[in-house]
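**Student:** Next up, coords.txt (compact mmCIF, C-alpha atoms).
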# COMPACT_ATOMS: atom_id res chain seq x y z
CA MET A 119 -75.69 -15.93 171.38
CA VAL A 120 -78.72 -15.75 169.10
CA PRO A 121 -79.28 -11.98 169.57
CA THR A 122 -75.55 -11.42 168.97
CA ARG A 123 -75.65 -13.49 165.80
CA ARG A 124 -78.69 -11.60 164.59
CA ALA A 125 -76.98 -8.29 165.34
CA ALA A 126 -73.92 -9.43 163.40
CA VAL A 127 -76.05 -10.39 160.40
CA ALA A 128 -77.95 -7.11 160.52
CA LEU A 129 -74.71 -5.16 160.76
CA ALA A 130 -73.17 -7.07 157.85
CA ILE A 131 -76.24 -6.28 155.74
CA ALA A 132 -76.02 -2.61 156.71
CA PHE A 133 -72.34 -2.55 155.76
CA GLY A 134 -73.09 -4.16 152.42
CA VAL A 135 -75.91 -1.77 151.58
CA ALA A 136 -73.89 1.30 152.60
CA ALA A 137 -70.76 0.17 150.77
CA ALA A 138 -72.73 -0.60 147.61
CA ALA A 139 -74.66 2.67 147.73
CA PHE A 140 -71.59 4.89 148.01
CA LEU A 141 -69.61 2.76 145.55
CA ILE A 142 -72.29 2.92 142.87
CA TRP A 143 -73.41 6.47 143.61
CA PRO A 144 -70.48 8.38 145.13
CA ILE A 145 -72.22 11.56 144.04
CA LEU A 146 -74.76 10.85 146.79
CA ASP A 147 -72.40 12.57 149.24
CA LEU A 148 -72.39 15.74 147.14
CA ARG A 149 -76.13 15.69 146.57
CA VAL A 150 -76.89 15.43 150.29
CA ALA A 151 -74.35 18.12 151.22
CA ALA A 152 -75.78 20.43 148.54
CA LEU A 153 -79.14 20.41 150.31
CA PHE A 154 -77.60 22.52 153.09
CA TYR A 155 -75.34 24.76 151.00
CA ARG A 156 -76.05 28.24 149.64
CA PRO A 157 -73.65 29.92 147.22
CA ASP A 158 -73.88 33.23 149.08
CA THR A 159 -73.65 31.98 152.67
CA GLY A 160 -72.10 28.53 152.37
CA PHE A 161 -73.23 25.93 154.91
CA TRP A 162 -75.32 28.48 156.74
CA LEU A 163 -76.75 26.17 159.41
CA GLY A 164 -73.39 26.15 161.17
CA ALA A 165 -73.75 29.85 161.90
CA LEU A 166 -77.07 29.52 163.73
CA PRO A 167 -76.90 30.36 167.45
CA GLY A 168 -76.46 27.34 169.66
CA VAL A 169 -75.44 24.85 166.97
CA GLU A 170 -71.70 24.93 167.62
CA PRO A 171 -71.98 25.23 171.43
CA PHE A 172 -74.27 22.18 171.42
CA ARG A 173 -71.75 20.21 169.35
CA ASN A 174 -68.95 21.17 171.73
CA PHE A 175 -71.08 20.22 174.72
CA ILE A 176 -71.77 16.73 173.34
CA TRP A 177 -68.10 16.35 172.39
CA ASP A 178 -67.11 17.16 175.98
CA LEU A 179 -69.63 14.59 177.21
CA THR A 180 -68.05 11.91 175.03
CA ILE A 181 -64.63 12.65 176.51
CA LEU A 182 -66.16 12.57 179.98
CA THR A 183 -67.60 9.15 179.14
CA PHE A 184 -64.09 7.80 178.55
CA VAL A 185 -62.76 9.38 181.75
CA VAL A 186 -65.66 8.07 183.85
CA ALA A 187 -65.22 4.59 182.36
CA ILE A 188 -61.55 4.53 183.39
CA VAL A 189 -62.36 5.80 186.88
CA GLY A 190 -65.27 3.38 187.15
CA ALA A 191 -63.06 0.46 186.16
CA GLY A 192 -60.48 1.44 188.77
CA LEU A 193 -63.08 1.77 191.52
CA ALA A 194 -64.77 -1.51 190.57
CA LEU A 195 -61.42 -3.27 190.54
CA ALA A 196 -60.89 -2.01 194.08
CA GLY A 197 -64.27 -3.38 195.12
CA ARG A 198 -66.11 -0.03 195.10
CA PRO A 199 -68.21 -0.12 191.92
CA LEU A 200 -69.29 3.33 190.73
CA LEU A 201 -73.10 3.59 190.59
CA GLY A 202 -73.23 -0.17 191.02
CA VAL A 203 -71.94 -0.73 187.48
CA PRO A 204 -69.86 -3.94 187.36
CA LEU A 205 -66.20 -3.94 186.39
CA ARG A 206 -66.78 -5.76 183.10
CA ASP A 207 -69.04 -2.96 181.85
CA TRP A 208 -66.57 -0.16 182.67
CA VAL A 209 -63.72 -2.12 181.05
CA TYR A 210 -65.86 -2.69 177.97
CA VAL A 211 -66.73 1.00 177.60
CA ALA A 212 -63.17 2.20 178.20
CA LEU A 213 -61.72 -0.28 175.72
CA LEU A 214 -64.39 0.51 173.13
CA TYR A 215 -63.68 4.24 173.35
CA PHE A 216 -59.92 3.77 173.14
CA LEU A 217 -59.99 1.35 170.21
CA GLY A 218 -62.85 3.14 168.42
CA PRO A 219 -62.84 6.96 168.43
CA ILE A 220 -59.20 7.28 169.49
CA LEU A 221 -57.37 4.55 167.57
CA VAL A 222 -59.50 3.60 164.55
CA THR A 223 -61.12 6.96 163.85
CA ASN A 224 -58.53 9.57 164.75
CA ILE A 225 -55.17 7.81 164.59
CA LEU A 226 -55.73 5.40 161.70
CA LEU A 227 -58.37 6.99 159.47
CA LYS A 228 -58.66 10.74 159.95
CA ALA A 229 -54.89 11.22 160.11
CA HIS A 230 -54.12 9.23 156.95
CA TRP A 231 -57.13 8.95 154.64
CA GLY A 232 -56.70 12.43 153.16
CA ARG A 233 -60.34 13.11 152.32
CA ALA A 234 -61.28 16.80 152.28
CA ARG A 235 -64.32 17.97 154.19
CA PRO A 236 -67.44 19.16 152.29
CA ALA A 237 -66.81 22.85 153.00
CA ASP A 238 -63.28 22.47 151.58
CA VAL A 239 -64.08 20.89 148.19
CA THR A 240 -64.42 22.82 144.93
CA ASP A 241 -68.10 21.87 144.61
CA PHE A 242 -68.81 24.11 147.60
CA GLY A 243 -66.30 26.89 147.06
CA GLY A 244 -63.23 25.22 148.58
CA PRO A 245 -59.79 24.57 147.07
CA HIS A 246 -59.71 20.76 147.24
CA LEU A 247 -61.12 17.93 145.15
CA PHE A 248 -63.96 15.66 146.22
CA THR A 249 -63.06 12.00 146.65
CA PRO A 250 -65.38 9.02 147.28
CA PRO A 251 -65.29 7.56 150.80
CA TRP A 252 -63.39 4.36 149.93
CA GLN A 253 -60.67 6.15 147.96
CA PRO A 254 -57.60 7.35 149.92
CA ALA A 255 -56.62 10.84 148.80
CA ASP A 256 -54.12 13.64 149.28
CA GLN A 257 -56.61 16.48 149.62
CA CYS A 258 -56.22 16.85 153.38
CA SER A 259 -53.15 16.54 155.59
CA ALA A 260 -54.63 16.30 159.11
CA ASN A 261 -57.97 15.89 160.91
CA CYS A 262 -59.60 14.88 157.65
CA SER A 263 -63.18 14.02 156.79
CA PHE A 264 -63.24 10.21 156.73
CA VAL A 265 -64.67 9.21 159.17
CA SER A 266 -66.47 11.55 161.56
CA GLY A 267 -64.83 11.80 164.97
CA GLU A 268 -67.90 13.29 166.63
CA VAL A 269 -70.20 10.61 165.27
CA SER A 270 -67.77 7.86 166.32
CA ALA A 271 -67.50 9.23 169.85
CA THR A 272 -71.23 9.88 170.22
CA VAL A 273 -72.13 6.39 169.02
CA VAL A 274 -69.76 4.95 171.63
CA MET A 275 -71.27 7.24 174.26
CA GLY A 276 -74.74 6.01 173.29
CA ILE A 277 -73.58 2.41 173.63
CA ALA A 278 -72.07 3.24 177.02
CA MET A 279 -75.36 4.75 178.15
CA LEU A 280 -77.19 1.55 177.25
CA VAL A 281 -74.54 -0.64 178.87
CA ILE A 282 -74.83 1.07 182.25
CA ALA A 283 -78.61 1.56 182.02
CA PRO A 284 -79.51 -1.61 184.00
CA ALA A 285 -77.38 -0.44 186.93
CA LEU A 286 -78.78 3.10 186.75
CA ALA A 287 -82.33 1.74 186.72
CA ARG A 288 -81.84 0.75 190.36
CA HIS A 289 -81.30 4.41 191.28
CA LEU A 290 -83.49 6.39 188.86
CA PRO A 291 -87.27 6.44 188.26
CA ARG A 292 -88.69 4.68 185.23
CA ILE A 293 -89.49 7.91 183.39
CA ALA A 294 -85.89 9.08 183.77
CA MET A 295 -84.63 5.81 182.34
CA ARG A 296 -86.93 6.19 179.35
CA PHE A 297 -85.36 9.57 178.59
CA TRP A 298 -81.89 8.10 179.22
CA ARG A 299 -82.39 5.29 176.71
CA ALA A 300 -84.06 7.61 174.19
CA ALA A 301 -81.09 9.97 174.43
CA ALA A 302 -78.69 7.08 173.86
CA TYR A 303 -80.30 6.44 170.48
CA ALA A 304 -81.10 10.04 169.54
CA LEU A 305 -77.82 11.82 170.27
CA PRO A 306 -75.75 9.96 167.63
CA LEU A 307 -78.41 10.74 165.02
CA VAL A 308 -78.55 14.41 166.03
CA ILE A 309 -74.77 14.79 165.93
CA ALA A 310 -74.56 12.98 162.58
CA ALA A 311 -77.15 15.37 161.17
CA GLN A 312 -75.33 18.38 162.60
CA ARG A 313 -72.00 17.36 161.07
CA VAL A 314 -73.54 16.77 157.63
CA MET A 315 -75.78 19.85 157.62
CA THR A 316 -72.95 22.20 158.60
CA GLY A 317 -70.59 20.95 155.90
CA ARG A 318 -68.10 19.40 158.26
CA HIS A 319 -68.67 15.83 157.08
CA PHE A 320 -70.19 13.97 154.17
CA LEU A 321 -73.06 11.57 154.74
CA SER A 322 -70.74 8.61 154.20
CA ASP A 323 -68.37 9.90 156.90
CA ALA A 324 -71.20 9.73 159.42
CA VAL A 325 -72.62 6.42 158.19
CA PHE A 326 -69.34 4.53 158.24
CA ALA A 327 -68.27 6.09 161.54
CA ALA A 328 -71.39 4.61 163.12
CA LEU A 329 -71.00 1.24 161.39
CA PHE A 330 -67.34 0.91 162.38
CA MET A 331 -68.13 1.66 166.02
CA LEU A 332 -71.06 -0.76 166.08
CA ALA A 333 -68.91 -3.49 164.55
CA LEU A 334 -66.19 -2.90 167.11
CA ALA A 335 -68.75 -2.90 169.94
CA LEU A 336 -70.01 -6.26 168.74
CA ALA A 337 -66.49 -7.68 168.43
CA LEU A 338 -65.64 -6.58 171.97
CA LEU A 339 -68.68 -8.16 173.63
CA PRO A 340 -66.58 -11.08 175.01
CA VAL A 341 -64.75 -8.51 177.16
CA ARG A 342 -67.90 -8.16 179.26
CA SER A 343 -67.60 -11.78 180.33
CA ARG A 344 -63.82 -11.88 180.73
CA ALA A 345 -63.07 -8.76 182.75
CA PRO A 346 -60.62 -9.00 185.69
CA THR A 347 -62.00 -10.05 189.06
CA PRO A 348 -62.42 -7.12 191.48
CA ARG A 349 -60.62 -7.16 194.82
CA ARG A 350 -62.57 -8.29 197.87
Write the structure described by the file as structure tokens, please.
**Tutor:**
Amino acid sequence: MVPTRRAAVALAIAFGVAAAAFLIWPILDLRVAALFYRPDTGFWLGALPGVEPFRNFIWDLTILTFVVAIVGAGLALAGRPLLGVPLRDWVYVALLYFLGPILVTNILLKAHWGRARPADVTDFGGPHLFTPPWQPADQCSANCSFVSGEVSATVVMGIAMLVIAPALARHLPRIAMRFWRAAAYALPLVIAAQRVMTGRHFLSDAVFAALFMLALALALLPVRSRAPTPRR
């Protein structure tokens, strides 16, 4: 319980700092986005070879994570745990993905918050107005900027990778597990940077996407001790 309590305190502090920063300096979003914008070429990093295919590849992996978690839960419930991962871990990952990227991010926030993406605001040649992250707007009608779907999904995928790491360690060499755990932490940061640098999301979209998913992951931890009993 102590590590969980410490994580909750650390997360609450991170929320407070982020909320205060973007409340006091909402222009921070524009200043960061401007670093990657050129008047003649726009957000030029998005046009570099490999950037968009890499984003799509990671996005597909996040969807695969959800599918594998559902299949893994079904197999574990039938007494045939996939990769030796226990039922409680697959249930935790599947529920986290459904409640996080699917429900909170895409259904509740992105579909209703109305915040225009960086490339679509007047500051960067678009037709819509910039709005601070905490202010609902009418500048976007669907698939809007707040919060980042890719960051949400990749953070959950990173959490899933760490959750199943102990089971995988029984099958993979130590060096492979080091890369596995490093990737779990690095991929969300890389995707967050990609979304901001290509003008698809503001910095606050990425920051709060990660914080929301981490908070949900912490809130769902009891699921890992209350999962259904597999069949014998």
**Student:** Name the closest residue to Arg318 (chain A) among the candidates A:Ser259, A:Thr183, A:Ser266, A:Thr159; distances are taken between atoms, counting only C-alpha atoms.
**Tutor:**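 The closest residue to Arg318 (chain A) is A:Ser266.
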**Student:** Given only C-alpha atoms as the basis, pick out the residue of A:Ala287, A:Ile176, A:Leu280, A:Ala294 nearest to Ile309 (chain A).
**Tutor:**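 Using only C-alpha atoms, the shortest distance to Ile309 (chain A) belongs to A:Ile176.
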**Student:** I want to know what sits within 7 Å of region 319-326 of chain A, based on all atoms listed in the file, with residues of the same chain fewer than 3 positions away left out; could you give that as a count of residues only?
**Tutor:** 15
**Student:** How far is it from CA of Asn261 (chain A) to CA of Gly160 (chain A), in Å with one decimal?
**Tutor:**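 Distance between the two atoms: 20.8 Å.
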**Student:** When you draw a straight line from CA of Leu286 (chain A) to CA of Ile220 (chain A), how long is it in Å?
**Tutor:**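 Pair CA of Leu286 (chain A) / CA of Ile220 (chain A) returns 26.4 Å.
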**Student:** Mind pulling up the distance from CA of Gly190 (chain A) to CA of Leu205 (chain A)?
**Tutor:**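 Distance between the two atoms: 7.4 Å.
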**Student:** With only C-alpha atoms as the atoms that count, which of A:Ala187, A:Gln312, A:Gly232, A:Cys262 lies nearest to Ala165 (chain A)?
**Tutor:**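 Of A:Ala187, A:Gln312, A:Gly232, A:Cys262, the one nearest Ala165 (chain A), counting only C-alpha atoms, is A:Gln312.
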**Student:** Would you mind listing what lies within 9 Å of Ala237 (chain A) as a list in words, with all atoms listed in the file counted and same-chain residues fewer than 2 positions away left out?
**Tutor:**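 Surrounding residues, per the criterion: Tyr155, Gly160, Phe161, Ala234, Arg235, Val239, Thr240, Asp241, Phe242, Gly243, Gly244, Thr316, Gly317, Arg318 and His319 of chain A.
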**Student:** Just want the 12 Å neighbourhood of Ile188 (chain A), counted on only C-alpha atoms, with same-chain residues fewer than 2 positions away dropped. Output as a list in words.
**Tutor:** Ile181, Leu182, Thr183, Phe184, Val185, Val186, Gly190, Ala191, Gly192, Leu193, Ala194, Leu195, Pro199, Leu200, Leu205, Arg206, Asp207, Trp208, Val209, Tyr210, Val211, Ala212, Leu213, Leu214, Tyr215 and Phe216 of chain A
**Student:** Which residues are near region 302-307 of chain A? Cut-off 10 Å, only C-alpha atoms, ignore same chain within fewer than 2 positions. Put them as a PyMOL selection string.
**Tutor:** chain A and resi 176+268-280+283+296-300+309-312+324-325+328
**Student:** Go ahead and dump the residues you just picked, C-alpha atoms, as a compact mmCIF listing (two decimals), in the frame of the given file.
**Tutor:**
# COMPACT_ATOMS: atom_id res chain seq x y z
CA ILE A 176 -71.77 16.73 173.34
CA GLU A 268 -67.90 13.29 166.63
CA VAL A 269 -70.20 10.61 165.27
CA SER A 270 -67.77 7.86 166.32
CA ALA A 271 -67.50 9.23 169.85
CA THR A 272 -71.23 9.88 170.22
CA VAL A 273 -72.13 6.39 169.02
CA VAL A 274 -69.76 4.95 171.63
CA MET A 275 -71.27 7.24 174.26
CA GLY A 276 -74.74 6.01 173.29
CA ILE A 277 -73.58 2.41 173.63
CA ALA A 278 -72.07 3.24 177.02
CA MET A 279 -75.36 4.75 178.15
CA LEU A 280 -77.19 1.55 177.25
CA ALA A 283 -78.61 1.56 182.02
CA ARG A 296 -86.93 6.19 179.35
CA PHE A 297 -85.36 9.57 178.59
CA TRP A 298 -81.89 8.10 179.22
CA ARG A 299 -82.39 5.29 176.71
CA ALA A 300 -84.06 7.61 174.19
CA ILE A 309 -74.77 14.79 165.93
CA ALA A 310 -74.56 12.98 162.58
CA ALA A 311 -77.15 15.37 161.17
CA GLN A 312 -75.33 18.38 162.60
CA ALA A 324 -71.20 9.73 159.42
CA VAL A 325 -72.62 6.42 158.19
CA ALA A 328 -71.39 4.61 163.12
**Student:** Using all atoms listed in the file, can you tell me which of A:Asn174, A:Thr180, A:Asn224, A:Thr122 comes closest to Ala327 (chain A)?
**Tutor:**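 Residue with the minimum atom-to-atom distance to Ala327 (chain A): A:Asn224.
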**Student:** Given the choices A:Gly164, A:Pro219, A:Pro157, A:Pro250, which gets closest to Trp177 (chain A) if the distance is worked out from all atoms listed in the file?
**Tutor:**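 The closest residue to Trp177 (chain A) is A:Pro219.
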**Student:** Within 12 Å of Ala126 (chain A), counting all atoms listed in the file, which residues qualify if same-chain residues fewer than 3 places away don't, as a compact mmCIF listing (two decimals) with C-alpha atoms, keeping the file's coordinate frame?
**Tutor:**
# COMPACT_ATOMS: atom_id res chain seq x y z
CA MET A 119 -75.69 -15.93 171.38
CA VAL A 120 -78.72 -15.75 169.10
CA PRO A 121 -79.28 -11.98 169.57
CA THR A 122 -75.55 -11.42 168.97
CA ARG A 123 -75.65 -13.49 165.80
CA LEU A 129 -74.71 -5.16 160.76
CA ALA A 130 -73.17 -7.07 157.85
CA ILE A 131 -76.24 -6.28 155.74
CA ALA A 132 -76.02 -2.61 156.71
CA PHE A 133 -72.34 -2.55 155.76
CA LEU A 329 -71.00 1.24 161.39
CA LEU A 332 -71.06 -0.76 166.08
CA ALA A 333 -68.91 -3.49 164.55
CA LEU A 334 -66.19 -2.90 167.11
CA ALA A 335 -68.75 -2.90 169.94
CA LEU A 336 -70.01 -6.26 168.74
CA ALA A 337 -66.49 -7.68 168.43
CA LEU A 339 -68.68 -8.16 173.63
**Student:** I'd like the box whose edges run along x, y and z of the file and which contains every listed atom of region 212-221 of chain A, padded by 6 Å per side; could you state its centre and edge lengths in Å, one decimal, as JSON?
**Tutor:**
{"center_x": -60.9, "center_y": 3.5, "center_z": 172.9, "size_x": 19.0, "size_y": 19.6, "size_z": 22.6}
**Student:** Some atoms are absent from region 250-281 of chain A, so rebuild N, CA and C atoms and return them as a short mmCIF file (atom, residue, chain, number, x, y, z; two decimals), in the frame of the given file.
**Tutor:**
data_model
loop_
_atom_site.label_atom_id
_atom_site.label_comp_id
_atom_site.auth_asym_id
_atom_site.auth_seq_id
_atom_site.Cartn_x
_atom_site.Cartn_y
_atom_site.Cartn_z
N PRO A 250 -64.42 9.96 146.68
CA PRO A 250 -65.38 9.02 147.28
C PRO A 250 -64.83 8.48 148.60
N PRO A 251 -65.72 7.97 149.46
CA PRO A 251 -65.29 7.56 150.80
C PRO A 251 -64.25 6.46 150.83
N TRP A 252 -64.31 5.50 149.89
CA TRP A 252 -63.39 4.36 149.93
C TRP A 252 -62.07 4.62 149.22
N GLN A 253 -61.88 5.84 148.72
CA GLN A 253 -60.67 6.15 147.96
C GLN A 253 -59.73 7.03 148.77
N PRO A 254 -58.58 6.50 149.22
CA PRO A 254 -57.60 7.35 149.92
C PRO A 254 -57.16 8.49 149.01
N ALA A 255 -56.93 9.66 149.61
CA ALA A 255 -56.62 10.84 148.80
C ALA A 255 -55.50 11.64 149.45
N ASP A 256 -55.14 12.74 148.77
CA ASP A 256 -54.12 13.64 149.28
C ASP A 256 -54.65 15.06 149.38
N GLN A 257 -55.96 15.17 149.59
CA GLN A 257 -56.61 16.48 149.62
C GLN A 257 -56.70 17.08 151.02
N CYS A 258 -56.19 16.38 152.00
CA CYS A 258 -56.22 16.85 153.38
C CYS A 258 -55.03 16.24 154.10
N SER A 259 -54.37 17.03 154.94
CA SER A 259 -53.15 16.54 155.59
C SER A 259 -53.36 16.12 157.05
N ALA A 260 -54.39 16.63 157.70
CA ALA A 260 -54.63 16.30 159.11
C ALA A 260 -56.09 16.54 159.47
N ASN A 261 -56.59 15.76 160.43
CA ASN A 261 -57.97 15.89 160.91
C ASN A 261 -58.94 15.91 159.72
N CYS A 262 -58.85 14.90 158.90
CA CYS A 262 -59.60 14.88 157.65
C CYS A 262 -61.04 14.38 157.84
N SER A 263 -61.74 14.23 156.73
CA SER A 263 -63.18 14.02 156.79
C SER A 263 -63.60 12.59 157.08
N PHE A 264 -62.83 11.61 156.59
CA PHE A 264 -63.24 10.21 156.73
C PHE A 264 -62.50 9.55 157.89
N VAL A 265 -63.23 9.09 158.94
CA VAL A 265 -64.67 9.21 159.17
C VAL A 265 -64.91 10.32 160.20
N SER A 266 -66.15 10.51 160.60
CA SER A 266 -66.47 11.55 161.56
C SER A 266 -66.07 11.19 162.99
N GLY A 267 -65.23 12.02 163.58
CA GLY A 267 -64.83 11.80 164.97
C GLY A 267 -65.97 11.99 165.94
N GLU A 268 -66.77 13.03 165.72
CA GLU A 268 -67.90 13.29 166.63
C GLU A 268 -68.93 12.17 166.58
N VAL A 269 -69.23 11.70 165.38
CA VAL A 269 -70.20 10.61 165.27
C VAL A 269 -69.65 9.35 165.93
N SER A 270 -68.38 9.04 165.69
CA SER A 270 -67.77 7.86 166.32
C SER A 270 -67.89 7.93 167.84
N ALA A 271 -67.50 9.07 168.40
CA ALA A 271 -67.50 9.23 169.85
C ALA A 271 -68.92 9.22 170.42
N THR A 272 -69.86 9.82 169.71
CA THR A 272 -71.23 9.88 170.22
C THR A 272 -71.91 8.52 170.13
N VAL A 273 -71.60 7.75 169.10
CA VAL A 273 -72.13 6.39 169.02
C VAL A 273 -71.62 5.56 170.20
N VAL A 274 -70.33 5.69 170.49
CA VAL A 274 -69.76 4.95 171.63
C VAL A 274 -70.40 5.43 172.93
N MET A 275 -70.62 6.74 173.06
CA MET A 275 -71.27 7.24 174.26
C MET A 275 -72.69 6.67 174.39
N GLY A 276 -73.40 6.60 173.26
CA GLY A 276 -74.74 6.01 173.29
C GLY A 276 -74.71 4.56 173.72
N ILE A 277 -73.73 3.80 173.22
CA ILE A 277 -73.58 2.41 173.63
C ILE A 277 -73.29 2.33 175.12
N ALA A 278 -72.41 3.22 175.60
CA ALA A 278 -72.07 3.24 177.02
C ALA A 278 -73.31 3.52 177.87
N MET A 279 -74.14 4.43 177.41
CA MET A 279 -75.36 4.75 178.15
C MET A 279 -76.28 3.54 178.27
N LEU A 280 -76.35 2.75 177.21
CA LEU A 280 -77.19 1.55 177.25
C LEU A 280 -76.56 0.46 178.10
N VAL A 281 -75.24 0.38 178.08
CA VAL A 281 -74.54 -0.64 178.87
C VAL A 281 -74.77 -0.44 180.36
#
